[in-house]
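Asks: Okay, handing you the structure first.
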Amino acid sequence: MMKSKNKIYLCLLGLILVGFSCTKQLDQTAVSTATKDAVFSSEDGLKLYTLSFIICCLASVIFIKRMLLYLISELLVVFLIISGKGLIHPGKVVAGVGGFTQCELFYSELQ
Amino acid sequence: MGDLRNVNYFIQNCNNPAVPAEIRNNYIGLAKFFRAYFYFDKLVRFGDVPWYNKPLDVGDTTLLYKGRDSRTVIMDSIIADLDFAASHITDISDASRSQVTKTVVWGFKSRVCLFAGTFRKYQTTYKLGSSADKYLKMAAGAADSVIKSGIYSLNTAGDQPYRNLFISESPVSSEIMLADVSSVSLAKYNDANWYFTSATYGSRFSFTRTFINTYLMRDGKPFTDLPGHDTMVFASEVKNRDLRLQQTIRMGDYQRISGGNKVAAPPAFSYTYTGYMPIKWTLDDMYYDGGSLNTNSVTLMRYAEILLNYAEAKAELGTLTDQDWQLTVGALRARAGITGGLDAKPTAIDAYMQKTYFPDVSDPAILEIRRERGIELCLEGFRMDDLIRWKHGELLELPWNGFYVPALNKPLDLNGDGVLDVSFYTTAPSSKLSGVTYIDVSKQPQTLSNGTKGELHWLDNVPRVWHDYQYLYPIPYADLQVNPDLKQNPGWEE
């Protein structure tokens with residue numbers, strides 16, 4: 001069994017190592033805004049920025065495509081309701097209540 | 001439009017000489033791909049839209065409140081962006097199938113150009129028909145670039161090579177070109193099982209019989225040529241069909257997993273209206289049914305689509321050869337276990353396809369390619385765009401029909417396992433068999449086409465009417481309030 005004194009020494013050693021290993025990050029100055037240079041001056045910055053396009057551009061399209069557009073076809077029985085405006089059927093969307101982003105598939109309200 | 005601004009901001013500011021020009025252009029290429037993706041979606045949905053190629057500031061009032069640019073300007077700009085992306089993105093392939101590469105750009109260009117070419121050919125009121133062939137040639141050329149890259153092939157591995165494309169956690173890299181990749185370790189899931197099995201969360205998606213009829217027999221002949229096909233019961237009509245049918249809907253010996261045990265899984269009438277219940281995106285284990293738990297990656301682009309884009313573009317141009325047919329539709333049908341009609345393009349019209357779906361099409365190859373797109377790509381996000389470009393929105397008026405019910409109060413065994421599954425009645429039976437689902441067809445919404453027998457019908461009492469102005473969506477009201485110069489699409493004015 002390790003003596004209590006040795007355990008304390010080990011813990012202290014661990015804390016010192018952790019402290020030194022974090023120095024680089026801890027020494028960084030916090031900033032309230034990102035500069036252009038932080039993003040556009042390295043390939044890593046460009047890569048990180050363009051990765052966001054997957055989220056911002058594709059995510060909405062994926063959601064819409066998967067949950068709405070492809071389902072509204074003659075291959076499938078499905079309903080389209082425009083938010084809060086009542087039952088809408090494929091080919092009979094009410095004008096003026098809004099566009100695509102306000103649409104959602106929702107069957108249970110019919111019952 | 002915030003997404004567009006994000007992309008434009010990147011393109012405008014990606015000019016730091018500390019990064020070599022080749023690397024900068026690679027990332028600008030990626031940005032332009034996403035701008036093209038963004039605008040293609042808007043073009044299909046709204047037609048004319050304002051084109052912005054730089055980030056706007058609050059002082060840019062002229063640009064902020066400008067009207068819409070024509071669809072020809074938008075399409076030319078999309079093509080310019082894609083050509084830049086194809087020229088400057090350096091990776092041609094990505095092992096994870098989660099990154100945009102040169103081949104993905106080519107694939108997307110084939111999708112965009114096929115839309116533009118066929119839209120201009122069939123949506124004649126726009127009077128853009130003279131430029132249709134230009135885009136069809138570009139579609140065929142871009143698809144050919146993907147094919148000639150030699151990176152992709154149709155997946156033939158496994159006992160269900162088609163369905164595995166949609167239920168695998170890692171994208172099937174032989175065929176999948178781009179995917180929204182799920183990850184258990186990153187807790188990135190989707191809710192496909194919930195959508196496709198829950199009676200309340202999803203929309204109880206059910207294929208219509210009209211569509212199921214298009215699946216060919218295994219010998220390559222139309223199911224609708226069989227005598228008595230229209231009165232076949234479910235368990236019989238699904239036999240000896242294109243193997244994609246059994247990998248798309250519940251039928252035959254399909255089983256699910258409950259608590260680690262395999263259980264028979266006929267179509268569940270607590271969910272389906274028609275009897276044709278999709279399994280294309282669902283995992284078999286019921287564990288995944290009750291939330292956003294699915295671990296299968298979601299396909300965004302795959303090689304099969306590229307083959308179909310190539311075949312359709314060439315058929316529309318009148319240059320499809322037997323060799324093209326073998327490479328594309330023939331290969332897809334071979335994977336589906338079909339043995340006939342693989343080597344040469346068809347020479348005879350299929351009467352069912354023409355009469356039911358496309359009376360204006362007299363080219364047998366185009367009819368068959370459209371059949372193939374419906375089957376191969378169903379539930380993958382293409383159909384509505386296809387109907388728009390083929391100018392067949394009126395197909396949305398087709399009845400929502402289901403499988404054939406030969407008689408009332410005669411329970412049916414749907415999967416041939418000797419266990420009765422469902423029974424239809426107009427007067428509720430005094431005693432009910434355990435394990436059988438009883439469905440009232442005495443009144444709307446669910447009825448039989450001939451009253452006491454016939455096809456299941458759903459919601460016949462609610463008319464569905466198509467008007468051609470509906471090929472375009474309305475401009476959102478909030479956007480018109482901010483910028484009246486956008487103007488509402490014709491037919492949608494209040």
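To be explicit about the labels: the chains of the structure tokens are called A, B, and onward in the order shown, and within each one the residues are counted from 1, while ligands get numbers from 1 in the order they are shown.
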Can you tell me which residues surround A:Phe40 at a distance of at most 7 Å, considering only C-alpha atoms, apart from same-chain residues fewer than 4 positions away, and format the answer as a PyMOL selection string?
Replies: (chain A and resi 36+45-46) or (chain B and resi 14+16)
Asks: Can you spit out the residues from that selection as an mmCIF file, in the first residue's frame, using N, CA and C atoms?
Replies:
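The result, written out as out_13.cif:
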```cif
data_model
loop_
_atom_site.group_PDB
_atom_site.id
_atom_site.type_symbol
_atom_site.label_atom_id
_atom_site.label_comp_id
_atom_site.auth_asym_id
_atom_site.auth_seq_id
_atom_site.Cartn_x
_atom_site.Cartn_y
_atom_site.Cartn_z
ATOM 1 N N LYS A 36 -9.970 39.082 -39.302
ATOM 2 C CA LYS A 36 -9.899 38.386 -40.586
ATOM 3 C C LYS A 36 -8.630 37.543 -40.658
ATOM 4 N N GLY A 45 -7.305 27.915 -41.048
ATOM 5 C CA GLY A 45 -8.412 28.850 -40.897
ATOM 6 C C GLY A 45 -9.417 28.721 -42.030
ATOM 7 N N LEU A 46 -8.897 28.602 -43.236
ATOM 8 C CA LEU A 46 -9.793 28.458 -44.398
ATOM 9 C C LEU A 46 -10.598 27.153 -44.301
ATOM 10 N N CYS B 14 -11.046 35.883 -48.864
ATOM 11 C CA CYS B 14 -10.037 34.836 -48.982
ATOM 12 C C CYS B 14 -8.970 35.294 -49.993
ATOM 13 N N ASN B 16 -5.645 36.479 -48.684
ATOM 14 C CA ASN B 16 -4.407 36.739 -47.954
ATOM 15 C C ASN B 16 -3.230 36.035 -48.624
#
```
Asks: Output the contact residues of chain B with respect to chain A at a cut-off of 6 Å, based on only C-alpha atoms, as a ChimeraX atom specification.
Replies: /B:3,14,16,18-19,200,203,205-208,211,381-384,395-396,400,465-466,474-477,492,494
Asks: Need the shell around B:Asp144: protein/DNA/RNA residues with any atom at most 9 Å away, counting only C-alpha atoms. Skip same-chain ones fewer than 2 positions apart. Format as a list in words?
Replies: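 Listing them by chain and then by number gives Trp106, Ser110, Ala139, Ala140, Gly141, Ala142, Val146, Ile147, Lys148, Ser149, Ile306, Leu307 and Tyr310 of chain B.
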Asks: Distance table requested - stretch 334-357 of chain B against stretch 364-378 of chain B, cut-off 6 Å, only C-alpha atoms: one row per qualifying residue with the closest atom pair and its distance in Å to one decimal, ordered by chain and rising residue number, as CSV.
Replies:
```
residue,atom,partner,partner_atom,distance
B:Pro346,CA,B:Ala365,CA,5.7
B:Thr347,CA,B:Pro364,CA,5.9
B:Ala348,CA,B:Pro364,CA,5.7
B:Ile349,CA,B:Pro364,CA,4.8
```
Asks: What lies within 12 Å of stretch 188-194 of chain B using only C-alpha atoms, ignoring chain neighbours under 4 positions off, as a ChimeraX atom specification?
Replies: /A:62-63,66-67 /B:166-167,169,180-184,198-205,256,271,278-298,379
Asks: Taking the backbone alone, and naming residues the way the document does, which bits of stretch 218-291 of chain B are strand (DSSP E) by DSSP, as an mmCIF file with N, CA and C atoms, in the first residue's frame?
Replies:
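File out_31.cif, as written:
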```cif
data_model
loop_
_atom_site.group_PDB
_atom_site.id
_atom_site.type_symbol
_atom_site.label_atom_id
_atom_site.label_comp_id
_atom_site.auth_asym_id
_atom_site.auth_seq_id
_atom_site.Cartn_x
_atom_site.Cartn_y
_atom_site.Cartn_z
ATOM 1 N N GLN B 255 -37.979 -9.167 -41.594
ATOM 2 C CA GLN B 255 -38.075 -9.315 -40.149
ATOM 3 C C GLN B 255 -37.487 -8.099 -39.454
ATOM 4 N N ARG B 256 -37.977 -7.844 -38.261
ATOM 5 C CA ARG B 256 -37.387 -6.804 -37.427
ATOM 6 C C ARG B 256 -36.756 -7.469 -36.209
ATOM 7 N N ILE B 257 -36.087 -6.678 -35.416
ATOM 8 C CA ILE B 257 -35.419 -7.202 -34.220
ATOM 9 C C ILE B 257 -36.036 -6.518 -33.009
ATOM 10 N N SER B 258 -36.525 -7.361 -32.088
ATOM 11 C CA SER B 258 -37.128 -6.846 -30.869
ATOM 12 C C SER B 258 -36.426 -7.494 -29.681
ATOM 13 N N ASN B 261 -34.314 -10.396 -30.559
ATOM 14 C CA ASN B 261 -34.935 -11.524 -31.260
ATOM 15 C C ASN B 261 -35.556 -11.081 -32.583
ATOM 16 N N LYS B 262 -35.423 -11.926 -33.612
ATOM 17 C CA LYS B 262 -36.034 -11.619 -34.897
ATOM 18 C C LYS B 262 -37.530 -11.910 -34.846
ATOM 19 N N VAL B 263 -38.297 -11.000 -35.370
ATOM 20 C CA VAL B 263 -39.753 -11.184 -35.392
ATOM 21 C C VAL B 263 -40.269 -10.852 -36.791
ATOM 22 N N ALA B 264 -41.296 -11.571 -37.225
ATOM 23 C CA ALA B 264 -41.897 -11.298 -38.526
ATOM 24 C C ALA B 264 -42.444 -9.867 -38.549
#
```
Asks: Contacts of B:Ala311 at 7 Å or less, counting only C-alpha atoms, minus same-chain residues fewer than 3 places along, as a list in words?
Replies: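 With the cut-off at 7 Å, the set is Leu307, Leu308, Lys314, Ala315, Leu320, Asp324, Trp325 and Thr328 of chain B.
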Asks: For the helix (DSSP H, G or I) assignment from backbone DSSP, which residues of stretch 195-374 of chain B qualify? Please present them as a VMD selection string.
Replies: chain B and resid 195 to 197 209 to 212 223 to 225 229 to 231 234 to 237 243 to 246 286 to 290 303 to 317 322 to 335 351 to 357 364 to 374
Asks: Kindly give the distance, in Å, that separates atom CA of B:Thr437 and atom CA of B:Thr452, rounded to a single decimal.
Replies: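 Going from atom CA of B:Thr437 over to atom CA of B:Thr452 covers 17.7 Å.
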Asks: So how far away is atom CA of B:Ala268 from atom CA of B:Gly418, in Å?
Replies: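 Here the two named atoms are 16.3 Å from each other.
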Asks: Rounded to one decimal place, report the atom CA of B:Asp363-atom CA of B:Asp322 distance in Å.
Replies: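 Separation between atom CA of B:Asp363 and atom CA of B:Asp322: 14.3 Å.
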Asks: Check the smallest atom-to-atom distance from each of B:Leu414, B:Met251, B:Val104, B:Ala344 to B:Arg302 using only C-alpha atoms, then report the winner.
Replies: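 So, comparing all the options, the nearest one is B:Val104.
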Asks: Identify, on the basis of only C-alpha atoms, every residue whose closest approach to B:Ala80 does not exceed 12 Å; exclude the query and any residue fewer than 6 positions from it along the same chain; express the result as a count of residues only.
Replies: 12
